[in-house]
Amino acid sequence: MDKVNFSFDLTQNTISDFANTLLDSGLSVIPVKDKIPTLQWKQFQTRKPNRDEVNYNDSIALVCGSVSGGVEVIDVDVKNDSSGTLIERLTEAIFKDSPDITDADLLIQSTPSGGCHLIYKCDKIEGNQILAKGVDKKVLIETRGVGGYVCIDPSPGYQVRSGSLTEIPTISREQRENLFTACRSLNEYFEPVIIPKQYTQINTGIPPWQDYNERGNVPELLESHGWTYLRTVKDNQHYCRPDKQGSTSGTWNGQTFYCFTSSTLLEPSKAYSASALFTFLECNKDFSEAAKKLYSLGYGERSQPQHTNTQEIKTIDWKALQIVTEPLEEIPLLSIGNSPIATAGNYSQVIGKKKSRKSLFLTWLTSQYKGDQSKDIILFDTEQGIRHVWKVMDRIKRLTGSQVGTFYLRGKSPSERKAIIEAVVKEYPSRPKIVIIDGIRDLLSNINDPDQVSELLTWLEKLTLENSLHVINVLHMNKTDNNARGHLGSELLNKSEITIELERDEKADCTIIKCESSRDIPFEPFAFRHSDDGLPEIVTIPTAGRVLPDEERKNRLRFAFQDGGDQLNYGDLVEQVKQQFAIGTNKAKSLIAEFGRNGWIVNNAGGIGNEKVYKCLV
């Protein structure tokens, strides 16, 4: 929102002349003094004043609504903004999430307090409403629509910065909604959605609401209802509402979902806990139904059995479980560098998003085994078609010279898959040392059911201990964050010997391998890609396009100011940041706003648009 300045020339005109010009252009304008109308103005909400019935003095106001052809105004008030960056943050939000809105779509007017008015026409307008509040509940951004008015240039302290009052631009309903969403994204006070008291105690233990707030998978819930993940900024995951593309409609910070749009079942400027969000999306706001459904899905504390089999407890040989001597040192079956990743009696986890080359990584991993792969390694695939499973087996053979025992389990039930794995491990001609389960999620029906997850992990522990082997589990990550899917992923992360994370770098066309967690020394990250023959090939970890460390960003910012001394106007700063960071205009403006929030630069002149003059503080 940075354009050349524009202001009505009063050298040869009077306020009355200008008011009549606006009346002729189809606007309803009224005289004001200290922002207060000097006449009974409500009649002019439905009709424009006649030239001879109104006396205009030194200040005039524009009446919003249909009487002025559908005028609506977004009032950005900086006096309640403690950060001093409200306009910069709003500019960044509009450029980032509403690229179809440019300065030409809005009439921009500065106000005496240093704020601004965004003025436009639209075939859909509403009454006055608050779009954003500060943490102290004071208004930051609000609208003036039906039943409202705003003072305008040439009233003292008001100045049109972009456009003309006689030709107010018209925007579409979608553009208006995008503007409102951008404004709501700056809201700092959200009214929480409260679960009614009559539904908070469905049982005597932990209620399902609390349990779901702690364990529920909100990213999966949002995606299942058409919300699309966009990006993660600090701790906030940004989502776009259903039937829309590219712009932020709400954010999830791991505990609370904040809604910015009025175009869904959710209410704008509301804060939703995970369970409240579940209630609105899954149960159409019905808290009674949500309480029952959450409980049926395994959330909430279950009642304890009435009778305990004390006889069974007495027969447990607890002495056999007591550690009295130092156990033998574990010899790793597999290592990456000097870091052990697989020992007998344990299990590990490989996680990655879709198309992150998990199967190709398994090919490389089997090649690191020092024994006989054909005898000691077994691979179970639950997800892929039989042809793709054969390709994995063939790739391993081409890389290692050994044919790994490979089994195709697609189409089997979870219980059948576990039974098959047990049978193969016990009856295979050679005793396997490493078992790979590509698709551990398919060994249970609900990855968020704590009872099923607990049963599966107990089964894994027995399988590894009783057969003195290691199980490598492969699990997808959420599309929206770097977490393994569901309650299963969380528990595997806690109990695995090591969790290996795969991250696809589209620009460099490679996959980066990282140690997410380990009980031993973690290995250093490395990268691989498909070679010309389709086998894994180790490559250098790419740096282009990745997030730069703060010190590097500060160095580049210093270079941006080098030619202009220690100060640059906004336009020159945008160009310098574009050059130093090799990015486009919109990204440069977003980066400048971020540098301002970080305290790395400051607007010395205190102006707006190209009047801003920045000084480097790093």
# chains A, B, ... in the order shown; residues from 1 in each chain; ligands from 1

$ residues_around --residues "segment 139-148 of chain A" --least-positions-apart "5" --cutoff "6 Å" --atoms "only C-alpha atoms" --output "ChimeraX atom specification"
/A:64-65,72-77,126-133

$ write_last_selection --atoms "C-alpha atoms" --output "mmCIF file, in the first residue's frame"
data_model
loop_
_atom_site.group_PDB
_atom_site.id
_atom_site.type_symbol
_atom_site.label_atom_id
_atom_site.label_comp_id
_atom_site.auth_asym_id
_atom_site.auth_seq_id
_atom_site.Cartn_x
_atom_site.Cartn_y
_atom_site.Cartn_z
ATOM 1 C CA CYS A 64 -20.747 5.274 4.354
ATOM 2 C CA GLY A 65 -23.277 2.793 3.031
ATOM 3 C CA GLU A 72 -17.130 1.036 3.335
ATOM 4 C CA VAL A 73 -14.014 2.053 5.264
ATOM 5 C CA ILE A 74 -11.439 0.070 7.223
ATOM 6 C CA ASP A 75 -10.118 2.321 10.011
ATOM 7 C CA VAL A 76 -6.603 1.378 11.181
ATOM 8 C CA ASP A 77 -6.025 3.106 14.536
ATOM 9 C CA GLU A 126 -22.370 -4.291 6.517
ATOM 10 C CA GLY A 127 -22.702 -2.207 9.635
ATOM 11 C CA ASN A 128 -19.773 -1.053 11.734
ATOM 12 C CA GLN A 129 -17.769 -3.940 13.158
ATOM 13 C CA ILE A 130 -14.514 -4.557 15.024
ATOM 14 C CA LEU A 131 -11.906 -6.585 13.129
ATOM 15 C CA ALA A 132 -8.953 -6.532 15.532
ATOM 16 C CA LYS A 133 -8.294 -5.710 19.179
#

$ select_by_dssp --residues "segment 203-424 of chain A" --states "strand (DSSP E)" --output "PyMOL selection string"
chain A and resi 228-233+236-240+250-252+256-259+270-273+334-336+339-342+347-352+377-381+405-408

$ write_last_selection --atoms "C-alpha atoms" --output "PDB file, in the first residue's frame"
ATOM      1  CA  THR A 228      -5.327 -26.560   3.711  1.00  0.00           C
ATOM      2  CA  TYR A 229      -1.961 -26.143   5.423  1.00  0.00           C
ATOM      3  CA  LEU A 230       0.049 -23.178   4.046  1.00  0.00           C
ATOM      4  CA  ARG A 231       3.146 -22.638   6.172  1.00  0.00           C
ATOM      5  CA  THR A 232       4.514 -22.431   9.702  1.00  0.00           C
ATOM      6  CA  VAL A 233       5.611 -19.059  11.078  1.00  0.00           C
ATOM      7  CA  ASN A 236       1.866 -20.872  14.304  1.00  0.00           C
ATOM      8  CA  GLN A 237       0.671 -23.162  11.537  1.00  0.00           C
ATOM      9  CA  HIS A 238      -1.278 -21.172   8.937  1.00  0.00           C
ATOM     10  CA  TYR A 239      -4.352 -22.719   7.277  1.00  0.00           C
ATOM     11  CA  CYS A 240      -6.573 -21.693   4.386  1.00  0.00           C
ATOM     12  CA  GLY A 250      -6.776 -19.298  10.709  1.00  0.00           C
ATOM     13  CA  THR A 251      -3.751 -20.440  12.724  1.00  0.00           C
ATOM     14  CA  TRP A 252      -3.011 -23.354  15.063  1.00  0.00           C
ATOM     15  CA  THR A 256      -5.465 -23.047  20.251  1.00  0.00           C
ATOM     16  CA  PHE A 257      -6.982 -22.470  16.814  1.00  0.00           C
ATOM     17  CA  TYR A 258      -7.626 -18.812  15.956  1.00  0.00           C
ATOM     18  CA  CYS A 259     -10.192 -18.138  13.237  1.00  0.00           C
ATOM     19  CA  LYS A 270     -12.750 -16.714  18.337  1.00  0.00           C
ATOM     20  CA  ALA A 271     -10.234 -18.982  20.086  1.00  0.00           C
ATOM     21  CA  TYR A 272     -10.935 -22.715  19.807  1.00  0.00           C
ATOM     22  CA  SER A 273      -9.342 -25.391  21.936  1.00  0.00           C
ATOM     23  CA  LEU A 334      23.197 -51.129  12.060  1.00  0.00           C
ATOM     24  CA  SER A 335      25.085 -47.849  12.332  1.00  0.00           C
ATOM     25  CA  ILE A 336      25.259 -44.552  10.490  1.00  0.00           C
ATOM     26  CA  SER A 339      26.117 -43.706  15.652  1.00  0.00           C
ATOM     27  CA  PRO A 340      24.278 -46.962  16.421  1.00  0.00           C
ATOM     28  CA  ILE A 341      20.712 -46.981  15.122  1.00  0.00           C
ATOM     29  CA  ALA A 342      19.583 -50.590  15.628  1.00  0.00           C
ATOM     30  CA  TYR A 347      12.734 -50.787  17.800  1.00  0.00           C
ATOM     31  CA  SER A 348      13.269 -47.567  15.863  1.00  0.00           C
ATOM     32  CA  GLN A 349      11.234 -45.209  13.708  1.00  0.00           C
ATOM     33  CA  VAL A 350      11.685 -43.677  10.246  1.00  0.00           C
ATOM     34  CA  ILE A 351       9.357 -40.754   9.562  1.00  0.00           C
ATOM     35  CA  GLY A 352       8.782 -38.540   6.542  1.00  0.00           C
ATOM     36  CA  ILE A 377      16.756 -58.792   7.062  1.00  0.00           C
ATOM     37  CA  ILE A 378      13.014 -59.147   6.379  1.00  0.00           C
ATOM     38  CA  LEU A 379      10.846 -56.395   4.880  1.00  0.00           C
ATOM     39  CA  PHE A 380       7.058 -56.158   5.283  1.00  0.00           C
ATOM     40  CA  ASP A 381       5.171 -53.580   3.177  1.00  0.00           C
ATOM     41  CA  GLY A 405      12.970 -61.515   2.235  1.00  0.00           C
ATOM     42  CA  THR A 406      10.075 -59.251   1.205  1.00  0.00           C
ATOM     43  CA  PHE A 407       6.378 -59.674   1.996  1.00  0.00           C
ATOM     44  CA  TYR A 408       3.341 -57.890   0.569  1.00  0.00           C
TER      45      TYR A 408
END

$ closest_atom_pairs --of "segment 165-239 of chain A" --to "segment 444-466 of chain A" --cutoff "10 Å" --atoms "only C-alpha atoms" --output "Markdown table"
| residue | atom | partner | partner_atom | distance |
| --- | --- | --- | --- | --- |
| A:Tyr212 | CA | A:Asn448 | CA | 9.8 |
| A:Arg215 | CA | A:Asn448 | CA | 7.9 |
| A:Gly216 | CA | A:Asn448 | CA | 7.4 |
| A:Asn217 | CA | A:Asn448 | CA | 7.9 |

$ residues_around --residues "Lys397 of chain A" --least-positions-apart "2" --cutoff "12 Å" --atoms "only C-alpha atoms" --output "PyMOL selection string"
chain A and resi 363-364+366-367+372-374+390-395+399-406+535

$ select_by_dssp --residues "segment 198-304 of chain A" --states "alpha helix (DSSP H)" --output "PDB file with C-alpha atoms, in the first residue's frame"
ATOM      1  CA  PRO A 208     -12.717 -36.557  27.014  1.00  0.00           C
ATOM      2  CA  TRP A 209     -12.411 -32.797  26.413  1.00  0.00           C
ATOM      3  CA  GLN A 210      -9.200 -32.567  28.407  1.00  0.00           C
ATOM      4  CA  ASP A 211      -7.840 -35.782  26.942  1.00  0.00           C
ATOM      5  CA  TYR A 212      -8.493 -34.653  23.368  1.00  0.00           C
ATOM      6  CA  ASN A 213      -6.906 -31.268  24.079  1.00  0.00           C
ATOM      7  CA  GLU A 214      -3.747 -33.135  25.091  1.00  0.00           C
ATOM      8  CA  ARG A 215      -3.684 -35.901  22.485  1.00  0.00           C
ATOM      9  CA  VAL A 218      -5.792 -31.084  15.109  1.00  0.00           C
ATOM     10  CA  PRO A 219      -3.862 -30.883  11.804  1.00  0.00           C
ATOM     11  CA  GLU A 220      -5.531 -34.122  10.641  1.00  0.00           C
ATOM     12  CA  LEU A 221      -8.913 -32.849  11.862  1.00  0.00           C
ATOM     13  CA  LEU A 222      -8.571 -29.597   9.898  1.00  0.00           C
ATOM     14  CA  GLU A 223      -7.398 -31.321   6.737  1.00  0.00           C
ATOM     15  CA  SER A 224     -10.249 -33.832   6.886  1.00  0.00           C
ATOM     16  CA  ALA A 274      -8.774 -28.724  20.163  1.00  0.00           C
ATOM     17  CA  SER A 275     -11.970 -30.182  21.652  1.00  0.00           C
ATOM     18  CA  ALA A 276     -14.068 -27.089  20.842  1.00  0.00           C
ATOM     19  CA  LEU A 277     -12.790 -27.255  17.262  1.00  0.00           C
ATOM     20  CA  PHE A 278     -13.732 -30.960  17.133  1.00  0.00           C
ATOM     21  CA  THR A 279     -17.225 -30.065  18.363  1.00  0.00           C
ATOM     22  CA  PHE A 280     -17.788 -27.448  15.649  1.00  0.00           C
ATOM     23  CA  LEU A 281     -16.287 -29.417  12.762  1.00  0.00           C
ATOM     24  CA  GLU A 282     -17.270 -32.988  13.601  1.00  0.00           C
ATOM     25  CA  CYS A 283     -20.547 -32.482  15.454  1.00  0.00           C
ATOM     26  CA  PHE A 287     -21.436 -30.444  22.576  1.00  0.00           C
ATOM     27  CA  SER A 288     -23.562 -33.352  23.785  1.00  0.00           C
ATOM     28  CA  GLU A 289     -22.839 -35.374  20.659  1.00  0.00           C
ATOM     29  CA  ALA A 290     -19.146 -34.409  20.776  1.00  0.00           C
ATOM     30  CA  ALA A 291     -18.764 -35.639  24.358  1.00  0.00           C
ATOM     31  CA  LYS A 292     -20.142 -39.056  23.420  1.00  0.00           C
ATOM     32  CA  LYS A 293     -18.169 -39.275  20.188  1.00  0.00           C
ATOM     33  CA  LEU A 294     -14.870 -38.360  21.819  1.00  0.00           C
ATOM     34  CA  TYR A 295     -15.424 -40.967  24.508  1.00  0.00           C
ATOM     35  CA  SER A 296     -16.244 -43.606  21.888  1.00  0.00           C
TER      36      SER A 296
END

$ atom_distance --atom1 "atom CA of Pro192 of chain A" --atom2 "atom CA of Thr261 of chain A"
15.6 Å

$ atom_distance --atom1 "atom CA of Val29 of chain A" --atom2 "atom CA of Leu86 of chain A"
28.8 Å

$ closest_residue --among "A:Leu493, A:Ile30, A:Val424, A:Ile541" --to "Ser518 of chain A" --atoms "only C-alpha atoms"
A:Leu493

$ closest_residue --among "A:Arg47, A:Arg519, A:Lys418, A:His476" --to "Lys355 of chain A" --atoms "only C-alpha atoms"
A:His476

$ closest_residue --among "A:Arg504, A:Arg398, A:Lys587, A:Arg176" --to "Asp100 of chain A" --atoms "only C-alpha atoms"
A:Arg176
